[in-house]
file work13.txt (compact mmCIF, N, CA and C atoms)
# COMPACT_ATOMS: atom_id res chain seq x y z
N MET A 1 98.58 116.97 77.60
CA MET A 1 99.16 115.71 77.19
C MET A 1 100.66 115.76 77.48
N LYS A 2 101.18 114.64 78.04
CA LYS A 2 102.59 114.60 78.42
C LYS A 2 103.21 113.30 77.92
N LYS A 3 104.34 113.42 77.22
CA LYS A 3 105.11 112.25 76.79
C LYS A 3 105.85 111.68 77.98
N ILE A 4 105.84 110.36 78.09
CA ILE A 4 106.58 109.69 79.15
C ILE A 4 107.84 109.08 78.54
N GLN A 5 108.97 109.47 79.08
CA GLN A 5 110.25 108.90 78.68
C GLN A 5 110.56 107.76 79.65
N ALA A 6 110.98 106.63 79.12
CA ALA A 6 111.33 105.49 79.96
C ALA A 6 112.71 104.99 79.53
N PRO A 7 113.78 105.66 79.99
CA PRO A 7 115.13 105.33 79.54
C PRO A 7 115.55 103.87 79.80
N ALA A 8 114.98 103.23 80.81
CA ALA A 8 115.36 101.85 81.13
C ALA A 8 114.61 100.83 80.26
N ALA A 9 113.59 101.28 79.54
CA ALA A 9 112.81 100.38 78.67
C ALA A 9 113.52 100.22 77.32
N PRO A 10 113.13 99.21 76.55
CA PRO A 10 113.69 99.09 75.20
C PRO A 10 113.43 100.38 74.41
N LYS A 11 114.38 100.75 73.59
CA LYS A 11 114.23 101.94 72.74
C LYS A 11 113.13 101.70 71.71
N ALA A 12 112.38 102.72 71.39
CA ALA A 12 111.34 102.62 70.37
C ALA A 12 111.98 102.28 69.02
N ILE A 13 111.33 101.39 68.28
CA ILE A 13 111.84 101.04 66.95
C ILE A 13 111.02 101.74 65.87
N GLY A 14 110.35 102.81 66.28
CA GLY A 14 109.55 103.59 65.36
C GLY A 14 109.27 104.96 65.96
N PRO A 15 108.50 105.79 65.25
CA PRO A 15 108.21 107.14 65.72
C PRO A 15 107.03 107.19 66.70
N TYR A 16 107.27 106.72 67.92
CA TYR A 16 106.22 106.73 68.93
C TYR A 16 106.84 106.90 70.31
N SER A 17 106.00 107.23 71.28
CA SER A 17 106.43 107.41 72.67
C SER A 17 106.18 106.13 73.45
N ALA A 18 106.96 105.93 74.50
CA ALA A 18 106.75 104.78 75.38
C ALA A 18 105.36 104.83 75.99
N ALA A 19 104.92 106.04 76.34
CA ALA A 19 103.58 106.23 76.89
C ALA A 19 103.21 107.70 76.78
N ILE A 20 101.92 107.95 76.84
CA ILE A 20 101.37 109.31 76.85
C ILE A 20 100.40 109.41 78.01
N ARG A 21 100.57 110.46 78.80
CA ARG A 21 99.63 110.70 79.89
C ARG A 21 98.69 111.82 79.50
N VAL A 22 97.41 111.55 79.67
CA VAL A 22 96.36 112.54 79.42
C VAL A 22 95.49 112.55 80.68
N GLY A 23 95.53 113.65 81.41
CA GLY A 23 94.80 113.69 82.68
C GLY A 23 95.34 112.61 83.61
N ASN A 24 94.45 111.77 84.13
CA ASN A 24 94.89 110.69 85.01
C ASN A 24 94.99 109.35 84.29
N LEU A 25 94.96 109.37 82.95
CA LEU A 25 95.10 108.13 82.18
C LEU A 25 96.47 108.06 81.51
N LEU A 26 97.03 106.86 81.54
CA LEU A 26 98.32 106.60 80.92
C LEU A 26 98.13 105.55 79.84
N PHE A 27 98.49 105.90 78.62
CA PHE A 27 98.37 105.01 77.47
C PHE A 27 99.77 104.52 77.12
N CYS A 28 100.04 103.24 77.41
CA CYS A 28 101.37 102.67 77.18
C CYS A 28 101.41 101.96 75.84
N SER A 29 102.43 102.26 75.06
CA SER A 29 102.63 101.58 73.79
C SER A 29 102.91 100.10 74.03
N GLY A 30 102.66 99.30 73.02
CA GLY A 30 102.89 97.87 73.11
C GLY A 30 104.35 97.56 73.40
N GLN A 31 104.54 96.60 74.27
CA GLN A 31 105.89 96.14 74.61
C GLN A 31 106.06 94.71 74.13
N THR A 32 107.17 94.48 73.46
CA THR A 32 107.53 93.14 73.01
C THR A 32 108.59 92.60 73.96
N PRO A 33 109.01 91.36 73.80
CA PRO A 33 110.01 90.79 74.70
C PRO A 33 111.45 91.16 74.35
N VAL A 34 111.68 92.41 74.05
CA VAL A 34 113.01 92.89 73.72
C VAL A 34 113.77 93.19 75.01
N ASN A 35 114.97 92.68 75.10
CA ASN A 35 115.84 92.98 76.23
C ASN A 35 116.30 94.43 76.07
N PRO A 36 116.07 95.29 77.08
CA PRO A 36 116.45 96.71 76.95
C PRO A 36 117.94 96.94 76.72
N ASP A 37 118.77 96.02 77.19
CA ASP A 37 120.22 96.20 77.05
C ASP A 37 120.73 95.79 75.68
N THR A 38 120.19 94.70 75.13
CA THR A 38 120.70 94.19 73.86
C THR A 38 119.83 94.57 72.66
N MET A 39 118.59 94.98 72.94
CA MET A 39 117.58 95.29 71.90
C MET A 39 117.31 94.07 71.02
N LEU A 40 117.46 92.88 71.59
CA LEU A 40 117.15 91.63 70.91
C LEU A 40 116.02 90.93 71.66
N ILE A 41 115.25 90.10 70.94
CA ILE A 41 114.19 89.32 71.57
C ILE A 41 114.80 88.44 72.65
N GLU A 42 114.17 88.43 73.82
CA GLU A 42 114.62 87.60 74.93
C GLU A 42 113.57 86.53 75.18
N GLY A 43 114.00 85.29 75.21
CA GLY A 43 113.09 84.19 75.49
C GLY A 43 112.84 83.35 74.26
N ARG A 44 112.91 82.04 74.46
CA ARG A 44 112.71 81.11 73.35
C ARG A 44 111.25 80.71 73.18
N ASP A 45 110.48 80.79 74.28
CA ASP A 45 109.10 80.30 74.20
C ASP A 45 108.13 81.40 74.65
N ILE A 46 106.84 81.11 74.54
CA ILE A 46 105.82 82.11 74.84
C ILE A 46 105.84 82.52 76.31
N GLU A 47 106.16 81.59 77.20
CA GLU A 47 106.19 81.94 78.63
C GLU A 47 107.29 82.97 78.91
N GLU A 48 108.48 82.71 78.43
CA GLU A 48 109.59 83.63 78.67
C GLU A 48 109.35 84.97 77.98
N GLN A 49 108.80 84.93 76.77
CA GLN A 49 108.56 86.18 76.05
C GLN A 49 107.43 86.99 76.69
N THR A 50 106.41 86.32 77.20
CA THR A 50 105.32 87.03 77.87
C THR A 50 105.84 87.75 79.11
N LEU A 51 106.63 87.06 79.91
CA LEU A 51 107.16 87.68 81.13
C LEU A 51 108.05 88.87 80.79
N ARG A 52 108.90 88.76 79.77
CA ARG A 52 109.76 89.88 79.39
C ARG A 52 108.92 91.07 78.92
N ALA A 53 107.88 90.81 78.12
CA ALA A 53 107.01 91.89 77.64
C ALA A 53 106.31 92.58 78.82
N LEU A 54 105.82 91.80 79.78
CA LEU A 54 105.17 92.37 80.95
C LEU A 54 106.16 93.16 81.81
N ASN A 55 107.37 92.65 81.96
CA ASN A 55 108.39 93.39 82.71
C ASN A 55 108.74 94.70 82.01
N ASN A 56 108.81 94.68 80.68
CA ASN A 56 109.06 95.92 79.94
C ASN A 56 107.93 96.91 80.15
N LEU A 57 106.71 96.42 80.15
CA LEU A 57 105.56 97.29 80.39
C LEU A 57 105.65 97.91 81.78
N GLU A 58 106.08 97.12 82.74
CA GLU A 58 106.21 97.64 84.10
C GLU A 58 107.29 98.72 84.19
N ILE A 59 108.34 98.60 83.40
CA ILE A 59 109.38 99.64 83.36
C ILE A 59 108.77 100.96 82.88
N VAL A 60 107.94 100.90 81.86
CA VAL A 60 107.29 102.11 81.34
C VAL A 60 106.34 102.68 82.39
N LEU A 61 105.55 101.83 83.02
CA LEU A 61 104.63 102.28 84.06
C LEU A 61 105.41 102.98 85.19
N SER A 62 106.51 102.40 85.61
CA SER A 62 107.31 102.97 86.68
C SER A 62 107.83 104.35 86.32
N ALA A 63 108.22 104.54 85.07
CA ALA A 63 108.71 105.85 84.62
C ALA A 63 107.62 106.92 84.73
N ALA A 64 106.37 106.49 84.73
CA ALA A 64 105.24 107.42 84.85
C ALA A 64 104.70 107.49 86.28
N GLY A 65 105.37 106.81 87.21
CA GLY A 65 104.93 106.82 88.60
C GLY A 65 103.78 105.87 88.87
N ALA A 66 103.65 104.84 88.06
CA ALA A 66 102.57 103.87 88.22
C ALA A 66 103.15 102.46 88.36
N SER A 67 102.27 101.50 88.56
CA SER A 67 102.68 100.10 88.65
C SER A 67 101.60 99.22 88.03
N ARG A 68 101.84 97.93 88.04
CA ARG A 68 100.87 96.99 87.44
C ARG A 68 99.50 97.10 88.09
N GLU A 69 99.44 97.48 89.37
CA GLU A 69 98.15 97.62 90.06
C GLU A 69 97.31 98.78 89.52
N ASN A 70 97.94 99.69 88.77
CA ASN A 70 97.23 100.83 88.19
C ASN A 70 96.63 100.50 86.82
N ILE A 71 96.96 99.34 86.27
CA ILE A 71 96.47 98.99 84.93
C ILE A 71 94.97 98.70 84.98
N VAL A 72 94.24 99.34 84.07
CA VAL A 72 92.79 99.10 83.98
C VAL A 72 92.44 98.25 82.76
N LYS A 73 93.30 98.22 81.73
CA LYS A 73 93.00 97.48 80.50
C LYS A 73 94.30 97.10 79.82
N THR A 74 94.37 95.87 79.34
CA THR A 74 95.50 95.45 78.52
C THR A 74 94.98 94.94 77.19
N SER A 75 95.85 94.98 76.22
CA SER A 75 95.61 94.34 74.92
C SER A 75 96.82 93.44 74.68
N VAL A 76 96.54 92.18 74.40
CA VAL A 76 97.59 91.19 74.16
C VAL A 76 97.49 90.75 72.71
N PHE A 77 98.61 90.80 72.02
CA PHE A 77 98.68 90.39 70.62
C PHE A 77 99.56 89.15 70.54
N LEU A 78 98.99 88.05 70.08
CA LEU A 78 99.72 86.78 69.98
C LEU A 78 99.98 86.42 68.53
N LYS A 79 101.16 85.93 68.24
CA LYS A 79 101.47 85.44 66.91
C LYS A 79 100.70 84.16 66.61
N ASN A 80 100.46 83.35 67.65
CA ASN A 80 99.75 82.08 67.48
C ASN A 80 98.80 81.90 68.66
N PHE A 81 97.50 81.89 68.39
CA PHE A 81 96.53 81.80 69.48
C PHE A 81 96.61 80.47 70.22
N ALA A 82 97.26 79.48 69.64
CA ALA A 82 97.48 78.22 70.36
C ALA A 82 98.34 78.44 71.60
N ASP A 83 99.08 79.56 71.64
CA ASP A 83 99.91 79.90 72.80
C ASP A 83 99.11 80.53 73.94
N PHE A 84 97.81 80.75 73.72
CA PHE A 84 96.99 81.44 74.72
C PHE A 84 97.08 80.83 76.12
N PRO A 85 96.90 79.52 76.28
CA PRO A 85 96.93 78.97 77.65
C PRO A 85 98.26 79.23 78.38
N LYS A 86 99.36 79.10 77.69
CA LYS A 86 100.67 79.32 78.32
C LYS A 86 100.89 80.80 78.62
N MET A 87 100.50 81.68 77.68
CA MET A 87 100.59 83.13 77.92
C MET A 87 99.71 83.49 79.11
N ASN A 88 98.51 82.94 79.13
CA ASN A 88 97.53 83.27 80.16
C ASN A 88 98.02 82.87 81.55
N ALA A 89 98.74 81.76 81.66
CA ALA A 89 99.27 81.33 82.95
C ALA A 89 100.31 82.32 83.47
N VAL A 90 101.21 82.77 82.60
CA VAL A 90 102.22 83.76 83.00
C VAL A 90 101.54 85.08 83.36
N TYR A 91 100.59 85.50 82.54
CA TYR A 91 99.83 86.73 82.76
C TYR A 91 99.13 86.69 84.11
N ALA A 92 98.45 85.58 84.40
CA ALA A 92 97.71 85.43 85.67
C ALA A 92 98.66 85.52 86.86
N ASP A 93 99.81 84.87 86.77
CA ASP A 93 100.80 84.92 87.84
C ASP A 93 101.34 86.33 88.04
N PHE A 94 101.59 87.05 86.94
CA PHE A 94 102.11 88.41 86.99
C PHE A 94 101.14 89.34 87.71
N PHE A 95 99.84 89.24 87.40
CA PHE A 95 98.86 90.16 87.97
C PHE A 95 98.29 89.70 89.30
N GLY A 96 98.39 88.43 89.64
CA GLY A 96 97.85 87.96 90.92
C GLY A 96 96.36 88.25 91.03
N ASN A 97 95.98 88.89 92.13
CA ASN A 97 94.56 89.19 92.36
C ASN A 97 94.04 90.37 91.55
N HIS A 98 94.94 91.17 91.02
CA HIS A 98 94.53 92.30 90.18
C HIS A 98 94.16 91.76 88.80
N LYS A 99 92.98 92.06 88.35
CA LYS A 99 92.51 91.50 87.08
C LYS A 99 91.98 92.62 86.18
N PRO A 100 92.90 93.28 85.44
CA PRO A 100 92.44 94.34 84.54
C PRO A 100 91.60 93.76 83.40
N ALA A 101 90.79 94.61 82.79
CA ALA A 101 90.08 94.20 81.57
C ALA A 101 91.13 93.85 80.53
N ARG A 102 90.77 92.96 79.59
CA ARG A 102 91.78 92.52 78.62
C ARG A 102 91.12 92.13 77.30
N THR A 103 91.86 92.39 76.24
CA THR A 103 91.53 91.89 74.90
C THR A 103 92.74 91.09 74.45
N THR A 104 92.51 89.92 73.85
CA THR A 104 93.60 89.11 73.31
C THR A 104 93.24 88.72 71.88
N VAL A 105 94.14 89.00 70.96
CA VAL A 105 93.90 88.67 69.56
C VAL A 105 95.14 88.03 68.94
N GLU A 106 94.92 87.26 67.89
CA GLU A 106 96.03 86.71 67.11
C GLU A 106 96.32 87.65 65.96
N VAL A 107 97.59 87.85 65.70
CA VAL A 107 98.03 88.71 64.60
C VAL A 107 98.99 87.92 63.71
N SER A 108 99.15 88.37 62.49
CA SER A 108 99.98 87.60 61.56
C SER A 108 101.47 87.75 61.83
N ARG A 109 101.87 88.91 62.35
CA ARG A 109 103.30 89.11 62.60
C ARG A 109 103.49 90.26 63.58
N LEU A 110 104.54 90.16 64.39
CA LEU A 110 104.88 91.20 65.35
C LEU A 110 106.30 91.69 65.09
N PRO A 111 106.65 92.87 65.60
CA PRO A 111 108.00 93.39 65.39
C PRO A 111 109.07 92.40 65.85
N LEU A 112 110.11 92.28 65.05
CA LEU A 112 111.24 91.40 65.33
C LEU A 112 110.82 89.93 65.48
N ASP A 113 109.68 89.60 64.88
CA ASP A 113 109.12 88.23 64.95
C ASP A 113 108.88 87.75 66.37
N ALA A 114 108.51 88.68 67.25
CA ALA A 114 108.16 88.31 68.63
C ALA A 114 106.92 87.42 68.61
N LEU A 115 106.74 86.67 69.69
CA LEU A 115 105.56 85.82 69.83
C LEU A 115 104.40 86.55 70.49
N VAL A 116 104.72 87.67 71.18
CA VAL A 116 103.69 88.39 71.94
C VAL A 116 104.05 89.88 72.02
N GLU A 117 103.02 90.70 72.09
CA GLU A 117 103.17 92.13 72.37
C GLU A 117 102.01 92.51 73.29
N ILE A 118 102.29 93.36 74.29
CA ILE A 118 101.27 93.74 75.26
C ILE A 118 101.30 95.24 75.47
N GLU A 119 100.11 95.85 75.39
CA GLU A 119 99.97 97.28 75.67
C GLU A 119 98.96 97.44 76.80
N CYS A 120 98.91 98.64 77.37
CA CYS A 120 97.93 98.85 78.46
C CYS A 120 97.51 100.30 78.58
N ILE A 121 96.43 100.45 79.33
CA ILE A 121 95.94 101.75 79.78
C ILE A 121 95.92 101.66 81.31
N ALA A 122 96.48 102.67 81.95
CA ALA A 122 96.52 102.68 83.41
C ALA A 122 95.99 104.00 83.94
N GLU A 123 95.57 103.97 85.20
CA GLU A 123 95.14 105.19 85.89
C GLU A 123 96.26 105.60 86.83
N VAL A 124 96.64 106.88 86.74
CA VAL A 124 97.71 107.37 87.61
C VAL A 124 97.22 108.57 88.41
call {"tool": "encode", "arguments": {"input": "work13.txt", "output": "structure tokens"}}
result
Amino acid sequence: MKKIQAPAAPKAIGPYSAAIRVGNLLFCSGQTPVNPDTMLIEGRDIEEQTLRALNNLEIVLSAAGASRENIVKTSVFLKNFADFPKMNAVYADFFGNHKPARTTVEVSRLPLDALVEIECIAEV
């Protein structure tokens, strides 16, 4: 098991690693729409926050030598499931023809009152 450090990603706000690699699998912690430079939520709406969360996830993947094309499964946590269609449009554009397995659920609250958090499992 190997901890992945991702210095360009937002700093962890708890006792966890950005990602853990076990064999050829990479387990990435959930990413919220926190700007890595300011450590504040970036984006006023679900579209902007979804893109920031996905970009943060890509920063973590890159630190492990992977990219979005290596993702096999994502989990999306939404503060309000009514945001699903707008989140889904940004998500679809981000992944293009690559379509990892996905779970999407509504949760009562996310860190820093974010609207979305996204985690993934990738093959490296």
call {"tool": "closest_atom_pairs", "arguments": {"input": "work13.txt", "of": "segment 41-73 of chain A", "to": "segment 95-101 of chain A", "cutoff": "12 Å", "atoms": "only C-alpha atoms", "output": "CSV"}}
result
residue,atom,partner,partner_atom,distance
A:Leu51,CA,A:Phe95,CA,11.0
A:Leu54,CA,A:Phe95,CA,9.7
A:Asn55,CA,A:Phe95,CA,11.4
A:Glu58,CA,A:Phe95,CA,11.2
A:Ser67,CA,A:Phe95,CA,10.7
A:Arg68,CA,A:Phe95,CA,7.1
A:Glu69,CA,A:His98,CA,6.4
A:Asn70,CA,A:Pro100,CA,8.9
A:Ile71,CA,A:Pro100,CA,6.2
A:Val72,CA,A:Pro100,CA,4.8
A:Lys73,CA,A:Ala101,CA,4.5
call {"tool": "atom_distance", "arguments": {"input": "work13.txt", "atom1": "atom CA of Ser29 of chain A", "atom2": "atom C of Thr50 of chain A"}}
result
15.2 Å
call {"tool": "closest_residue", "arguments": {"input": "work13.txt", "among": "A:Arg102, A:Lys2, A:Lys86, A:Arg44", "to": "Thr74 of chain A", "atoms": "only N, CA and C atoms"}}
result
A:Arg102
call {"tool": "closest_residue", "arguments": {"input": "work13.txt", "among": "A:Cys120, A:Leu112, A:Ala64, A:Met87", "to": "Ala6 of chain A", "atoms": "only N, CA and C atoms"}}
result
A:Ala64
call {"tool": "closest_residue", "arguments": {"input": "work13.txt", "among": "A:Lys11, A:Arg52, A:Lys79, A:Lys3", "to": "Cys28 of chain A", "atoms": "only C-alpha atoms"}}
result
A:Lys3
call {"tool": "atom_distance", "arguments": {"input": "work13.txt", "atom1": "atom CA of Val34 of chain A", "atom2": "atom CA of Ala122 of chain A"}}
result
21.5 Å
call {"tool": "select_by_dssp", "arguments": {"input": "work13.txt", "residues": "segment 25-94 of chain A", "states": "strand (DSSP E)", "output": "number ranges by chain"}}
result
A: 25-31, 71-78
call {"tool": "closest_residue", "arguments": {"input": "work13.txt", "among": "A:Ala63, A:Ile118, A:Leu57, A:Ala89", "to": "Gln5 of chain A", "atoms": "only N, CA and C atoms"}}
result
A:Ala63
call {"tool": "closest_residue", "arguments": {"input": "work13.txt", "among": "A:Pro111, A:Pro85, A:Pro7, A:Gly65", "to": "Ile46 of chain A", "atoms": "only C-alpha atoms"}}
result
A:Pro85
call {"tool": "closest_residue", "arguments": {"input": "work13.txt", "among": "A:Gly43, A:Gly23, A:Pro10, A:Pro15", "to": "Asp113 of chain A", "atoms": "only C-alpha atoms"}}
result
A:Gly43
call {"tool": "residues_around", "arguments": {"input": "work13.txt", "residues": "Ile4 of chain A", "least_positions_apart": "5", "cutoff": "6 Å", "atoms": "all atoms listed in the file", "output": "list of chain:residue names"}}
result
A:Ala18, A:Ala19, A:Ile20, A:Arg21
call {"tool": "atom_distance", "arguments": {"input": "work13.txt", "atom1": "atom C of Glu48 of chain A", "atom2": "atom CA of Tyr91 of chain A"}}
result
10.8 Å
call {"tool": "select_by_dssp", "arguments": {"input": "work13.txt", "residues": "chain A", "states": "helix (DSSP H, G or I)", "output": "ChimeraX atom specification"}}
result
/A:46-63,68-70,81-95,111-113
call {"tool": "residues_near_point", "arguments": {"input": "work13.txt", "point": "(100.0, 91.8, 67.0)", "cutoff": "5 Å", "atoms": "only N, CA and C atoms", "output": "JSON, numbers by chain"}}
result
{"A": [77, 78, 107]}
call {"tool": "residues_near_point", "arguments": {"input": "work13.txt", "point": "(117.8, 98.7, 73.8)", "cutoff": "6.5 Å", "atoms": "only N, CA and C atoms", "output": "list in words"}}
result
Ala9, Pro10, Lys11, Asn35, Pro36, Asp37, Thr38, Met39 and Leu40 of chain A
call {"tool": "residues_around", "arguments": {"input": "work13.txt", "residues": "Val76 of chain A", "least_positions_apart": "6", "cutoff": "7 Å", "atoms": "all atoms listed in the file", "output": "ChimeraX atom specification"}}
result
/A:102-106,116-119
call {"tool": "decode", "arguments": {"input": "work13.txt", "residues": "segment 64-83 of chain A", "atoms": "C-alpha atoms", "output": "JSON list (two decimals), in the first residue's frame"}}
result
[["chain", "number", "residue", "atom", "x", "y", "z"],
["A", 64, "ALA", "CA", -0.28, 9.06, -9.07],
["A", 65, "GLY", "CA", 0.62, 8.90, -12.77],
["A", 66, "ALA", "CA", -2.98, 8.43, -13.91],
["A", 67, "SER", "CA", -5.65, 10.46, -15.69],
["A", 68, "ARG", "CA", -9.42, 10.59, -16.05],
["A", 69, "GLU", "CA", -9.22, 7.79, -18.66],
["A", 70, "ASN", "CA", -7.97, 5.45, -15.91],
["A", 71, "ILE", "CA", -11.07, 5.93, -13.75],
["A", 72, "VAL", "CA", -13.19, 2.79, -13.45],
["A", 73, "LYS", "CA", -15.74, 4.00, -10.84],
["A", 74, "THR", "CA", -16.87, 7.30, -9.38],
["A", 75, "SER", "CA", -19.12, 8.17, -6.49],
["A", 76, "VAL", "CA", -20.88, 11.53, -6.63],
["A", 77, "PHE", "CA", -22.40, 13.07, -3.52],
["A", 78, "LEU", "CA", -24.91, 15.86, -4.10],
["A", 79, "LYS", "CA", -26.32, 18.22, -1.50],
["A", 80, "ASN", "CA", -29.53, 18.45, -3.56],
["A", 81, "PHE", "CA", -30.53, 15.74, -6.04],
["A", 82, "ALA", "CA", -32.46, 18.36, -8.01],
["A", 83, "ASP", "CA", -28.97, 19.43, -9.21]]
